[in-house]
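K.L.:
Here you go, one structure.
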Amino acid sequence: MMIRTAVAVLVVSKIYAVHAFSTATSAAPPPVLQTSSSSLVSDASARLDPLLTSFLLRSVREMDEDEGKNPTAETYTAMSSSHLTFSDASRAMIGLTTWDTALRKARTPILNDFLDVNQSVWPEEPLFSHLCTTLAELGLPRLVRRHPEILTSVLLGVAKLVNEYTKALRQGKLVIVEERIDDDENEIFTDDYDPSMEDHMQESFEYEQLSSEELEKLAESLASSLVTDWGSLVQGVSLLDKVFGYNHGLLDVQGQVGFGIEDGVWKHSGWESLPDLQQRLSSMPELRDLLSRLGRRPSSEGEDIRRFQRRKISYSNDDMIGVESDPSNPASVNGLTTSGSFSAMLPSEAVLLKSSFPSLRWLFLSKKVEEKLLSYELSGWTDVPTLPLRTKRSDRLPCQSGGPLVICLDTSWSMSGLREQLSKAVVLASVSAAHLQKRECRIVSFSSANNAIDSGVITCDAEGVKRMLDFLSYSFGGGTDVTGALKYAMETIDMTSSDLLLVTDGELPNPPVSTTILSQLETLRHQTGMEIHGLLIGKRESPALDSLCTEVHQFLADYERQVTPLVRTTKMASSTSLSLFPTRRIGYIDRLSQKRYSFALRAMSNSDSDRVNMRLYKRDKRRRFDDDDDDDDIWSYDGGYEPDTAYTADDRESSKGDEPVESDAYVIRVEESVEKIQHLASLEIEEKRKFLKEELNAELKQKSSSRQILAESISFVGTGLVERDIESRLVILALISQEHVLFIGPPGTSKSMLGRRLSQLCGGPFFQRLFTKFTTPDEIFGPLSLKALENDQYVRCIEGFLPTATVAFLDEIFKANSAILNTLLTILNERQFDNGAGTRRVDCPLKCVIGASNELPESEDLDALLDRFLLRAQVSPVSDEGLLEILSSSQLSKEDSERNYSDGLDEVFRDVSETLPSIEMKRNIGVLIKDVRNFVTDTLGQYVSDRRLIKAARLLRVSAATHGRKQVDLIDVLLLQHMLWTYPQQKDALREFIIDNLTPNNDIVDQSKFLLQGLAAEALTMVKKTMGDVTGKSGAREDDLDTINSIVTELGEIKVLLEQHNNDLERHIALLDDLDNNIWLTPDEAQSVKQNCLPLAVAASTAVSEVLNNATTLILALAPGVIDNDVRSSVIEVLTESSEDISTMFSEDELNMSLKEAKRIFKGDELKNWKKARNSMT
């Protein structure tokens, strides 16, 4: 900080020295400084990293000392040349601090950010807009929030681009001016140029200002350079985040421990396969379960309890170490038993000894002698040698995390292609699982007896990542001999706490290894408990593998059916995700039935899919008309239409001669007809879009009064509190939804203040307690009523305690003991209190409980209490800037103002409660919630209860109701980031997953394109047969008309699906655009989500609108009365000839497979189309 302050003073002094010098010595007006005061520049330079400040100082062109002593006009002109000035540096410092603040909040700056410091936008337009757009598309703001260590490098890159832009702007463009010189040097001739007069010509150079178009191109070019500089790094770090979590520490700006910003590793070819591999992992839940089992051994010191096959005690120390129950080691309580131990007896037995009645004391002594005192059953575990039993029974035993995950991977020729990709996905899953379990991972690849290659230890460090990337970039090829891999593993790896996972396609010799190796493996199994698990890829059985492995897993056997299903997402495998820069998503045709039109639209409901399947059946049936009545197949293999086979009824006679088939007038009529139906289609779509916007605007305006009350309540709760905007919104949301909120954070971070403010809003009794391990029920629920005890009634005086409170703040709530816990859970969940032997249940007026704790519970006994708090937030101490704001605040010592919002909030609550049953939750919202739950369960490894999901869905309905909407929208799902995490470090990963998958999936576009191409081909064939007649008035056959009507019906159903999807996208775009007015999101969070998701939604909407326009246009082309019959076939031909793309018939995996695999899957025309699509890629 001292260095930054010194640099700041130096910068300010130089700026104002230059300013004063220029004012005193120059008649021309000096450059206007864009700083409000010297203190503003000083504060900005103090906040910035010294690297940025020194860069700005070096970029400034200082005046020459000699020229500075005697300034002239030329000297002053040089100051305003293309070089940067101190005024530019001061503006850059203030601008960079604004960018610093915004990027830390995972967004780019907006206009209001600069207005807060009384500055104009920096850098100036159009560079500012291009930089913001490019950074948002790259995902750099979100990357900065996950890895703040790269912030300085990002700001430095922005500063360099601004310097280049400023220099180019001031310098302008160089132009050459030619002048003709005569004897009179002052006369300039403008006659036509004559080469003979070349000696009398001279050239001069001038600089002209750049035009607005040139500035736009310059800004776009500079901003696009960020993609080159940062694209590979952003992709690489994002992939590392998904493999190792956000705290991997591999991004090291200094480049000493991890990888630097410009490290060559970011351009490693191994990154290319990672997105596809992570996509495959989402469909392998069995693999995660398998990897969690490998290497586990029973251990008396283990904390994790797992099931193991029952074993018997051995008397040889050479056998595997297992565990057995040891009553002499009282490490845990298993239940109740009878004993004669004073230390283990229950307190109820001690009451007999304490009694004043002699008979009860004699009863106690008799129980003691007979060892029948009711006691706790205390026991533990001890390590003992064991041998396996031939039984399928298992026991729950403690275990520790195992040793390294050892993967023996078959890299033979038979494992190439899709099998290679699946096996590499297994490797990636193993690396990720090993990191989560804090274990090592080793990959031993084999192809022959003497060719076993150990990848080395793959861990979360620079060397480990390089090894992983090197392995992923290798191609498979060779023979199949597992002997070398097994021998290497047994000789070099400690197998006492490791198992082997053998990944292969099962094409092994039988027997797979020699009897010597089998004997060694069997001995190792007895001594260490080592297991060999086989994972089959591409086959369901392998006798050779069965003879070698302890267990063979077959969940990847049908790999051909698992790599082509309609699950194509570029983010974390959600069915609703979309990316602006996706992995190439080409087509999603299901090859299971080997039919041309076998497909499934993922966006459809079940009834929609059934309806489509019926359409496909009818279409296949229609296509079986007689070959005599059918024209030749006019659709060539490359997807284009053959012009020389197309003709209309009016041209059949003229085609006999050599005259042209179509006249100019006919071509004009066709073009006019195409323009007409395209215009009608655009008008129809635009009219529906306009109606949708008006309907949404009317829906959003209905609850303006409720939003006003809620906004005022949030403002009141957060008044005087710095950096507590999220917490203020959560307590109001919890109050309206009648849920509870938990704050995790150190003492003195305004947690109790939020509770008191909420109590003031409600106007009811406020209850506050600090829990300890020795807190009694009397302190929480009230003391026992002495008067009631006289009447043999067990009743508490609850007035003024938790059962009668409206709002409660319970500090250190996870220190609640078992005497309090059960009653507290009933109050939190059911809002009722048992006051008297279970016969008197009192309704509690409790609206919201704010729980606080410095840490999360470690005991599983408190998981039920944790689950009662739906909303959660981590409360951190304020930042340095926040601390300065607190210290300078005038409200530092003021008491809270007494203001009661209870009437308004009660009205809002009643309104929301009445509206809640009518709030609709569509299937796509449920699918996204399901995907989020799977992410939390599978990736984060945390259990999400059904109760929490149901409460979360209700809270999303509350969010929609408070904004006046009639349905839950995708933006409401953002609130799940405050509900489904267990540990604070998981919140960032959860938020990133939700944002990545917030934009609706656009798979329906590719599906619809494929359908439209087939329907257009059929329509063209039928229209040519009917001479363009679609009504039967010109003699068309009834069967042909029925076929055309069926095509129109199918087109209409596809159009309805596209319209529904397009309406959802338009609604999503409108809500994203209005996200600044969302009550439950902070302005920074709203801007971050808007900048990330709005471009994706607009791109998706554009794609859907294009396909919808094509479908609508084709329907109009087949509608009677819209266009003339004689041009109908030509119009359809024009509409379809540019839309056919054969590459959309195949998925990316299908196009990347080998020719051998393609021949196994595709037949006939499909194989030819696959070859052409494959060639088109290259």
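By convention here, the chains of the structure tokens are called A, B, ... in the order presented, each chain's residues are numbered starting at 1, and ligands are numbered starting at 1 in the order presented.
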Can you list, as a list of chain:residue names, every protein, DNA or RNA residue that comes within 12 Å of Asp1124 (chain A) when you count only C-alpha atoms, leaving out same-chain residues fewer than 2 positions away?
P.N.:
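Residues near the query, excluding close chain neighbours: A:Tyr666, A:Arg669, A:Val670, A:Glu672, A:Ser673, A:Val674, A:Lys676, A:Ile677, A:Met1027, A:Gly1028, A:Asp1029, A:Val1030, A:Thr1031, A:Leu1116, A:Ala1117, A:Leu1118, A:Ala1119, A:Pro1120, A:Gly1121, A:Val1122, A:Asp1126, A:Val1127, A:Arg1128, A:Ser1129, A:Ser1130, A:Val1131.
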K.L.:
Take the residues that were just selected and, keeping N, CA, C and O atoms, output them as a JSON list (two decimals), in the first residue's frame.
P.N.:
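Listing of selection_10.json after writing:
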[["chain", "number", "residue", "atom", "x", "y", "z"],
["A", 666, "TYR", "N", -41.46, -15.64, -66.53],
["A", 666, "TYR", "CA", -41.75, -16.71, -65.56],
["A", 666, "TYR", "C", -40.83, -16.60, -64.35],
["A", 666, "TYR", "O", -41.27, -16.75, -63.20],
["A", 669, "ARG", "N", -42.03, -13.88, -62.13],
["A", 669, "ARG", "CA", -43.22, -14.30, -61.36],
["A", 669, "ARG", "C", -42.82, -15.19, -60.19],
["A", 669, "ARG", "O", -43.39, -15.08, -59.08],
["A", 670, "VAL", "N", -41.85, -16.08, -60.40],
["A", 670, "VAL", "CA", -41.39, -16.94, -59.31],
["A", 670, "VAL", "C", -40.75, -16.11, -58.20],
["A", 670, "VAL", "O", -41.02, -16.29, -57.01],
["A", 672, "GLU", "N", -41.25, -12.95, -57.54],
["A", 672, "GLU", "CA", -42.27, -12.16, -56.86],
["A", 672, "GLU", "C", -43.09, -13.02, -55.90],
["A", 672, "GLU", "O", -43.44, -12.58, -54.79],
["A", 673, "SER", "N", -43.37, -14.24, -56.29],
["A", 673, "SER", "CA", -44.12, -15.14, -55.42],
["A", 673, "SER", "C", -43.32, -15.50, -54.17],
["A", 673, "SER", "O", -43.85, -15.56, -53.06],
["A", 674, "VAL", "N", -42.01, -15.75, -54.36],
["A", 674, "VAL", "CA", -41.15, -16.04, -53.21],
["A", 674, "VAL", "C", -41.11, -14.87, -52.25],
["A", 674, "VAL", "O", -41.25, -15.02, -51.03],
["A", 676, "LYS", "N", -43.31, -12.58, -51.90],
["A", 676, "LYS", "CA", -44.64, -12.39, -51.30],
["A", 676, "LYS", "C", -44.84, -13.28, -50.09],
["A", 676, "LYS", "O", -45.23, -12.81, -49.01],
["A", 677, "ILE", "N", -44.57, -14.57, -50.24],
["A", 677, "ILE", "CA", -44.83, -15.48, -49.11],
["A", 677, "ILE", "C", -43.81, -15.26, -47.99],
["A", 677, "ILE", "O", -44.14, -15.43, -46.81],
["A", 1027, "MET", "N", -49.17, -30.86, -60.86],
["A", 1027, "MET", "CA", -49.04, -29.66, -61.67],
["A", 1027, "MET", "C", -49.30, -28.39, -60.85],
["A", 1027, "MET", "O", -49.78, -27.38, -61.36],
["A", 1028, "GLY", "N", -48.97, -28.43, -59.56],
["A", 1028, "GLY", "CA", -49.17, -27.27, -58.70],
["A", 1028, "GLY", "C", -50.56, -27.18, -58.11],
["A", 1028, "GLY", "O", -50.83, -26.26, -57.32],
["A", 1029, "ASP", "N", -51.46, -28.09, -58.46],
["A", 1029, "ASP", "CA", -52.83, -28.05, -57.95],
["A", 1029, "ASP", "C", -52.86, -28.60, -56.52],
["A", 1029, "ASP", "O", -52.41, -29.72, -56.27],
["A", 1030, "VAL", "N", -53.38, -27.82, -55.58],
["A", 1030, "VAL", "CA", -53.49, -28.27, -54.18],
["A", 1030, "VAL", "C", -54.93, -28.32, -53.71],
["A", 1030, "VAL", "O", -55.19, -28.60, -52.53],
["A", 1031, "THR", "N", -55.89, -28.05, -54.62],
["A", 1031, "THR", "CA", -57.30, -28.06, -54.24],
["A", 1031, "THR", "C", -58.10, -29.14, -54.96],
["A", 1031, "THR", "O", -59.21, -29.49, -54.54],
["A", 1116, "LEU", "N", -47.24, -21.56, -46.48],
["A", 1116, "LEU", "CA", -47.89, -20.61, -47.39],
["A", 1116, "LEU", "C", -47.72, -21.04, -48.84],
["A", 1116, "LEU", "O", -48.61, -20.82, -49.68],
["A", 1117, "ALA", "N", -46.57, -21.63, -49.16],
["A", 1117, "ALA", "CA", -46.33, -22.08, -50.54],
["A", 1117, "ALA", "C", -47.28, -23.21, -50.91],
["A", 1117, "ALA", "O", -47.59, -23.40, -52.11],
["A", 1118, "LEU", "N", -47.78, -23.97, -49.94],
["A", 1118, "LEU", "CA", -48.71, -25.06, -50.21],
["A", 1118, "LEU", "C", -50.16, -24.68, -49.98],
["A", 1118, "LEU", "O", -51.06, -25.49, -50.17],
["A", 1119, "ALA", "N", -50.39, -23.44, -49.53],
["A", 1119, "ALA", "CA", -51.76, -23.00, -49.26],
["A", 1119, "ALA", "C", -52.43, -22.56, -50.55],
["A", 1119, "ALA", "O", -51.81, -21.91, -51.41],
["A", 1120, "PRO", "N", -53.71, -22.88, -50.75],
["A", 1120, "PRO", "CA", -54.42, -22.47, -51.98],
["A", 1120, "PRO", "C", -54.68, -20.97, -51.97],
["A", 1120, "PRO", "O", -54.95, -20.37, -50.93],
["A", 1121, "GLY", "N", -54.56, -20.37, -53.15],
["A", 1121, "GLY", "CA", -54.91, -18.97, -53.30],
["A", 1121, "GLY", "C", -53.81, -17.99, -52.97],
["A", 1121, "GLY", "O", -53.98, -16.79, -53.17],
["A", 1122, "VAL", "N", -52.68, -18.45, -52.45],
["A", 1122, "VAL", "CA", -51.60, -17.54, -52.09],
["A", 1122, "VAL", "C", -50.71, -17.27, -53.29],
["A", 1122, "VAL", "O", -50.36, -16.13, -53.58],
["A", 1126, "ASP", "N", -49.03, -22.63, -61.40],
["A", 1126, "ASP", "CA", -47.99, -22.92, -62.36],
["A", 1126, "ASP", "C", -46.59, -22.55, -61.85],
["A", 1126, "ASP", "O", -45.59, -23.00, -62.42],
["A", 1127, "VAL", "N", -46.49, -21.74, -60.78],
["A", 1127, "VAL", "CA", -45.18, -21.39, -60.25],
["A", 1127, "VAL", "C", -44.92, -22.07, -58.90],
["A", 1127, "VAL", "O", -43.87, -21.88, -58.30],
["A", 1128, "ARG", "N", -45.89, -22.87, -58.45],
["A", 1128, "ARG", "CA", -45.78, -23.40, -57.09],
["A", 1128, "ARG", "C", -44.55, -24.30, -56.92],
["A", 1128, "ARG", "O", -43.81, -24.19, -55.94],
["A", 1129, "SER", "N", -44.31, -25.20, -57.88],
["A", 1129, "SER", "CA", -43.17, -26.11, -57.74],
["A", 1129, "SER", "C", -41.85, -25.36, -57.80],
["A", 1129, "SER", "O", -40.91, -25.67, -57.04],
["A", 1130, "SER", "N", -41.77, -24.37, -58.67],
["A", 1130, "SER", "CA", -40.53, -23.59, -58.76],
["A", 1130, "SER", "C", -40.28, -22.78, -57.50],
["A", 1130, "SER", "O", -39.15, -22.62, -57.05],
["A", 1131, "VAL", "N", -41.37, -22.27, -56.90],
["A", 1131, "VAL", "CA", -41.24, -21.51, -55.65],
["A", 1131, "VAL", "C", -40.71, -22.41, -54.54],
["A", 1131, "VAL", "O", -39.80, -22.04, -53.78]]
K.L.:
Please extract the residues of region 728-838 of chain A with a backbone DSSP assignment of helix (DSSP H, G or I) and present them as JSON, numbers by chain.
P.N.:
{"A": [728, 729, 730, 731, 732, 733, 734, 735, 736, 737, 751, 752, 753, 754, 755, 756, 757, 758, 759, 760, 761, 762, 777, 778, 779, 780, 781, 786, 787, 788, 789, 790, 802, 803, 804, 813, 814, 815, 818, 819, 820, 821, 822, 823, 824, 825, 826, 827, 828, 829, 830]}
K.L.:
Could the residues in this selection be saved with C-alpha atoms as a PDB file, in the first residue's frame?
P.N.:
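Final output, selection_35.pdb:
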ATOM      1  CA  SER A 728     -31.115  -7.804   2.978  1.00  0.00           C
ATOM      2  CA  ARG A 729     -32.934  -9.252  -0.005  1.00  0.00           C
ATOM      3  CA  LEU A 730     -32.762 -12.795   1.334  1.00  0.00           C
ATOM      4  CA  VAL A 731     -34.345 -11.948   4.690  1.00  0.00           C
ATOM      5  CA  ILE A 732     -37.263 -10.200   2.952  1.00  0.00           C
ATOM      6  CA  LEU A 733     -37.646 -13.107   0.534  1.00  0.00           C
ATOM      7  CA  ALA A 734     -37.608 -15.521   3.478  1.00  0.00           C
ATOM      8  CA  LEU A 735     -40.254 -13.443   5.245  1.00  0.00           C
ATOM      9  CA  ILE A 736     -42.606 -13.337   2.238  1.00  0.00           C
ATOM     10  CA  SER A 737     -42.166 -17.056   1.538  1.00  0.00           C
ATOM     11  CA  LYS A 751     -26.079 -10.798  11.265  1.00  0.00           C
ATOM     12  CA  SER A 752     -28.075  -9.888  14.375  1.00  0.00           C
ATOM     13  CA  MET A 753     -28.702  -6.397  13.000  1.00  0.00           C
ATOM     14  CA  LEU A 754     -30.514  -7.938  10.037  1.00  0.00           C
ATOM     15  CA  GLY A 755     -32.722  -9.868  12.448  1.00  0.00           C
ATOM     16  CA  ARG A 756     -33.641  -6.770  14.438  1.00  0.00           C
ATOM     17  CA  ARG A 757     -34.401  -4.824  11.278  1.00  0.00           C
ATOM     18  CA  LEU A 758     -36.659  -7.620  10.071  1.00  0.00           C
ATOM     19  CA  SER A 759     -38.456  -7.609  13.410  1.00  0.00           C
ATOM     20  CA  GLN A 760     -39.067  -3.878  13.083  1.00  0.00           C
ATOM     21  CA  LEU A 761     -40.598  -4.467   9.673  1.00  0.00           C
ATOM     22  CA  CYS A 762     -42.995  -7.078  11.014  1.00  0.00           C
ATOM     23  CA  PRO A 777     -34.893 -25.760  26.953  1.00  0.00           C
ATOM     24  CA  ASP A 778     -36.053 -23.223  29.543  1.00  0.00           C
ATOM     25  CA  GLU A 779     -33.945 -20.526  27.879  1.00  0.00           C
ATOM     26  CA  ILE A 780     -35.527 -21.141  24.482  1.00  0.00           C
ATOM     27  CA  PHE A 781     -39.089 -22.304  25.082  1.00  0.00           C
ATOM     28  CA  LEU A 786     -44.867 -23.947  38.866  1.00  0.00           C
ATOM     29  CA  LYS A 787     -48.600 -23.473  39.239  1.00  0.00           C
ATOM     30  CA  ALA A 788     -49.244 -26.078  36.553  1.00  0.00           C
ATOM     31  CA  LEU A 789     -46.887 -28.515  38.270  1.00  0.00           C
ATOM     32  CA  GLU A 790     -49.038 -28.290  41.388  1.00  0.00           C
ATOM     33  CA  LEU A 802     -39.513 -18.562  20.811  1.00  0.00           C
ATOM     34  CA  PRO A 803     -43.038 -20.140  20.605  1.00  0.00           C
ATOM     35  CA  THR A 804     -44.647 -16.649  20.682  1.00  0.00           C
ATOM     36  CA  ILE A 813     -27.615 -22.420  16.276  1.00  0.00           C
ATOM     37  CA  PHE A 814     -25.625 -25.576  15.535  1.00  0.00           C
ATOM     38  CA  LYS A 815     -24.540 -25.756  19.147  1.00  0.00           C
ATOM     39  CA  SER A 818     -30.423 -32.916  21.777  1.00  0.00           C
ATOM     40  CA  ALA A 819     -32.695 -31.656  24.580  1.00  0.00           C
ATOM     41  CA  ILE A 820     -33.611 -28.671  22.398  1.00  0.00           C
ATOM     42  CA  LEU A 821     -33.272 -30.089  18.902  1.00  0.00           C
ATOM     43  CA  ASN A 822     -36.480 -32.098  18.446  1.00  0.00           C
ATOM     44  CA  THR A 823     -38.753 -29.346  19.748  1.00  0.00           C
ATOM     45  CA  LEU A 824     -36.902 -26.733  17.709  1.00  0.00           C
ATOM     46  CA  LEU A 825     -37.314 -28.776  14.507  1.00  0.00           C
ATOM     47  CA  THR A 826     -41.076 -28.974  15.088  1.00  0.00           C
ATOM     48  CA  ILE A 827     -41.346 -25.207  15.542  1.00  0.00           C
ATOM     49  CA  LEU A 828     -39.246 -24.462  12.461  1.00  0.00           C
ATOM     50  CA  ASN A 829     -41.045 -26.874  10.153  1.00  0.00           C
ATOM     51  CA  GLU A 830     -44.630 -27.063  11.424  1.00  0.00           C
TER      52      GLU A 830
END
K.L.:
Counting only C-alpha atoms, which of A:Thr480, A:Gln1091, A:Gln1007, A:Ser473 gets nearest to Thr411 (chain A)?
P.N.:
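Checking each candidate against Thr411 (chain A), we get A:Thr480 as the closest.
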K.L.:
Taking 5 positions as the minimum chain separation for residues in the same chain, which residues sit within 12 Å of Thr166 (chain A) when counting only C-alpha atoms? Answer as a JSON list (two decimals) with N, CA, C and O atoms, in the first residue's frame.
P.N.:
[["chain", "number", "residue", "atom", "x", "y", "z"],
["A", 59, "SER", "N", 3.85, 4.83, -20.49],
["A", 59, "SER", "CA", 3.19, 5.10, -21.76],
["A", 59, "SER", "C", 3.09, 6.59, -22.06],
["A", 59, "SER", "O", 2.79, 6.98, -23.18],
["A", 60, "VAL", "N", 3.33, 7.41, -21.06],
["A", 60, "VAL", "CA", 3.21, 8.85, -21.25],
["A", 60, "VAL", "C", 4.46, 9.40, -21.90],
["A", 60, "VAL", "O", 5.58, 9.08, -21.52],
["A", 80, "SER", "N", 0.23, 17.39, -28.01],
["A", 80, "SER", "CA", -1.12, 16.93, -28.37],
["A", 80, "SER", "C", -1.10, 15.99, -29.56],
["A", 80, "SER", "O", -2.08, 15.84, -30.26],
["A", 81, "SER", "N", 0.06, 15.40, -29.84],
["A", 81, "SER", "CA", 0.18, 14.48, -30.96],
["A", 81, "SER", "C", -0.36, 13.12, -30.58],
["A", 81, "SER", "O", -1.14, 12.98, -29.65],
["A", 82, "SER", "N", 0.11, 12.11, -31.28],
["A", 82, "SER", "CA", -0.42, 10.77, -31.06],
["A", 82, "SER", "C", 0.02, 10.16, -29.74],
["A", 82, "SER", "O", -0.52, 9.16, -29.31],
["A", 83, "HIS", "N", 1.02, 10.76, -29.10],
["A", 83, "HIS", "CA", 1.50, 10.20, -27.85],
["A", 83, "HIS", "C", 0.53, 10.51, -26.72],
["A", 83, "HIS", "O", -0.20, 11.51, -26.75],
["A", 84, "LEU", "N", 0.56, 9.66, -25.69],
["A", 84, "LEU", "CA", -0.33, 9.83, -24.56],
["A", 84, "LEU", "C", 0.20, 10.91, -23.63],
["A", 84, "LEU", "O", 1.41, 11.16, -23.54],
["A", 85, "THR", "N", -0.69, 11.55, -22.92],
["A", 85, "THR", "CA", -0.34, 12.61, -21.99],
["A", 85, "THR", "C", -0.65, 12.17, -20.57],
["A", 85, "THR", "O", -1.28, 11.14, -20.33],
["A", 88, "ASP", "N", -4.23, 11.75, -20.05],
["A", 88, "ASP", "CA", -4.73, 10.42, -20.45],
["A", 88, "ASP", "C", -4.47, 9.39, -19.35],
["A", 88, "ASP", "O", -5.31, 8.53, -19.06],
["A", 89, "ALA", "N", -3.30, 9.48, -18.73],
["A", 89, "ALA", "CA", -2.97, 8.53, -17.67],
["A", 89, "ALA", "C", -3.91, 8.67, -16.49],
["A", 89, "ALA", "O", -4.34, 7.68, -15.89],
["A", 92, "ALA", "N", -7.16, 7.19, -17.37],
["A", 92, "ALA", "CA", -7.03, 5.73, -17.42],
["A", 92, "ALA", "C", -7.05, 5.14, -16.01],
["A", 92, "ALA", "O", -7.65, 4.08, -15.77],
["A", 122, "TRP", "N", -15.04, 5.31, -20.03],
["A", 122, "TRP", "CA", -13.66, 5.04, -20.42],
["A", 122, "TRP", "C", -13.51, 3.57, -20.73],
["A", 122, "TRP", "O", -13.93, 2.71, -19.95],
["A", 123, "PRO", "N", -12.91, 3.24, -21.88],
["A", 123, "PRO", "CA", -12.51, 4.15, -22.96],
["A", 123, "PRO", "C", -13.72, 4.65, -23.73],
["A", 123, "PRO", "O", -14.84, 4.15, -23.54],
["A", 124, "GLU", "N", -13.52, 5.60, -24.57],
["A", 124, "GLU", "CA", -14.64, 6.19, -25.30],
["A", 124, "GLU", "C", -15.21, 5.22, -26.32],
["A", 124, "GLU", "O", -14.58, 4.23, -26.70],
["A", 125, "GLU", "N", -16.42, 5.53, -26.74],
["A", 125, "GLU", "CA", -17.05, 4.72, -27.78],
["A", 125, "GLU", "C", -16.36, 4.92, -29.11],
["A", 125, "GLU", "O", -15.80, 6.00, -29.36],
["A", 126, "PRO", "N", -16.34, 3.95, -30.00],
["A", 126, "PRO", "CA", -17.02, 2.65, -29.91],
["A", 126, "PRO", "C", -16.20, 1.54, -29.24],
["A", 126, "PRO", "O", -16.64, 0.43, -29.13],
["A", 127, "LEU", "N", -14.97, 1.89, -28.80],
["A", 127, "LEU", "CA", -14.11, 0.86, -28.22],
["A", 127, "LEU", "C", -14.73, 0.28, -26.95],
["A", 127, "LEU", "O", -14.62, -0.93, -26.69],
["A", 159, "ALA", "N", -5.83, -1.83, -20.82],
["A", 159, "ALA", "CA", -5.08, -0.57, -20.91],
["A", 159, "ALA", "C", -4.22, -0.52, -22.17],
["A", 159, "ALA", "O", -4.13, 0.53, -22.83],
["A", 160, "LYS", "N", -3.62, -1.64, -22.54],
["A", 160, "LYS", "CA", -2.80, -1.66, -23.76],
["A", 160, "LYS", "C", -3.65, -1.41, -25.00],
["A", 160, "LYS", "O", -3.24, -0.67, -25.90],
["A", 161, "LEU", "N", -4.82, -2.01, -25.05],
["A", 161, "LEU", "CA", -5.69, -1.79, -26.20],
["A", 161, "LEU", "C", -6.16, -0.34, -26.27],
["A", 161, "LEU", "O", -6.25, 0.24, -27.36],
["A", 171, "GLN", "N", -3.37, 10.00, -34.28],
["A", 171, "GLN", "CA", -2.46, 10.06, -35.42],
["A", 171, "GLN", "C", -3.23, 10.11, -36.73],
["A", 171, "GLN", "O", -2.82, 10.78, -37.67],
["A", 172, "GLY", "N", -4.37, 9.42, -36.79],
["A", 172, "GLY", "CA", -5.15, 9.40, -38.01],
["A", 172, "GLY", "C", -4.53, 8.49, -39.05],
["A", 172, "GLY", "O", -3.66, 7.67, -38.76],
["A", 210, "LEU", "N", -9.63, 9.74, -38.74],
["A", 210, "LEU", "CA", -10.35, 8.53, -39.13],
["A", 210, "LEU", "C", -11.84, 8.79, -39.14],
["A", 210, "LEU", "O", -12.37, 9.51, -38.27],
["A", 215, "LEU", "N", -13.15, 4.09, -37.40],
["A", 215, "LEU", "CA", -13.03, 3.93, -35.95],
["A", 215, "LEU", "C", -13.74, 2.67, -35.47],
["A", 215, "LEU", "O", -13.27, 1.97, -34.57],
["A", 218, "LEU", "N", -11.58, -0.24, -36.37],
["A", 218, "LEU", "CA", -10.41, -0.26, -35.51],
["A", 218, "LEU", "C", -10.76, -0.82, -34.13],
["A", 218, "LEU", "O", -10.05, -1.68, -33.58],
["A", 219, "ALA", "N", -11.88, -0.34, -33.56],
["A", 219, "ALA", "CA", -12.30, -0.81, -32.24],
["A", 219, "ALA", "C", -12.63, -2.30, -32.27],
["A", 219, "ALA", "O", -12.26, -3.06, -31.35],
["A", 222, "LEU", "N", -9.31, -4.32, -32.49],
["A", 222, "LEU", "CA", -8.57, -4.35, -31.23],
["A", 222, "LEU", "C", -9.27, -5.25, -30.22],
["A", 222, "LEU", "O", -8.61, -6.02, -29.50]]
K.L.:
Assign secondary structure with DSSP using the backbone only, and return the residues of region 685-832 of chain A in strand (DSSP E) as an NGL selection string.
P.N.:
:A and (741-744 or 766-770 or 807-811 or 832)
K.L.:
Hey, what's within 10 Å of Leu472 (chain A) if we count only C-alpha atoms and toss same-chain stuff fewer than 5 positions away? As a PyMOL selection string, please?
P.N.:
chain A and resi 269-274+277+420-421+424-425+427-428+466-467
K.L.:
Please determine, counting only C-alpha atoms, which residue among A:Pro877, A:Gly851, A:Gly720, A:Gly764 has the shortest atom-to-atom distance to Leu865 (chain A).
P.N.:
A:Gly851
K.L.:
Nearest residue to Asn1110 (chain A) out of A:Leu810, A:Arg933, A:Val162, A:Gln678, using only C-alpha atoms?
P.N.:
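Among the listed residues, the smallest separation from Asn1110 (chain A) belongs to A:Gln678.
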K.L.:
Can you tell me, as a list in words, what residues are no more than 7 Å from region 99-109 of chain A when counting only C-alpha atoms, ignoring any on the same chain fewer than 5 positions away?
P.N.:
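These residues fall inside the cut-off: Cys132, Pro141, Arg142, Val144, Arg145, Asp1084, Gln1087, Ser1088 and Gln1091 of chain A.
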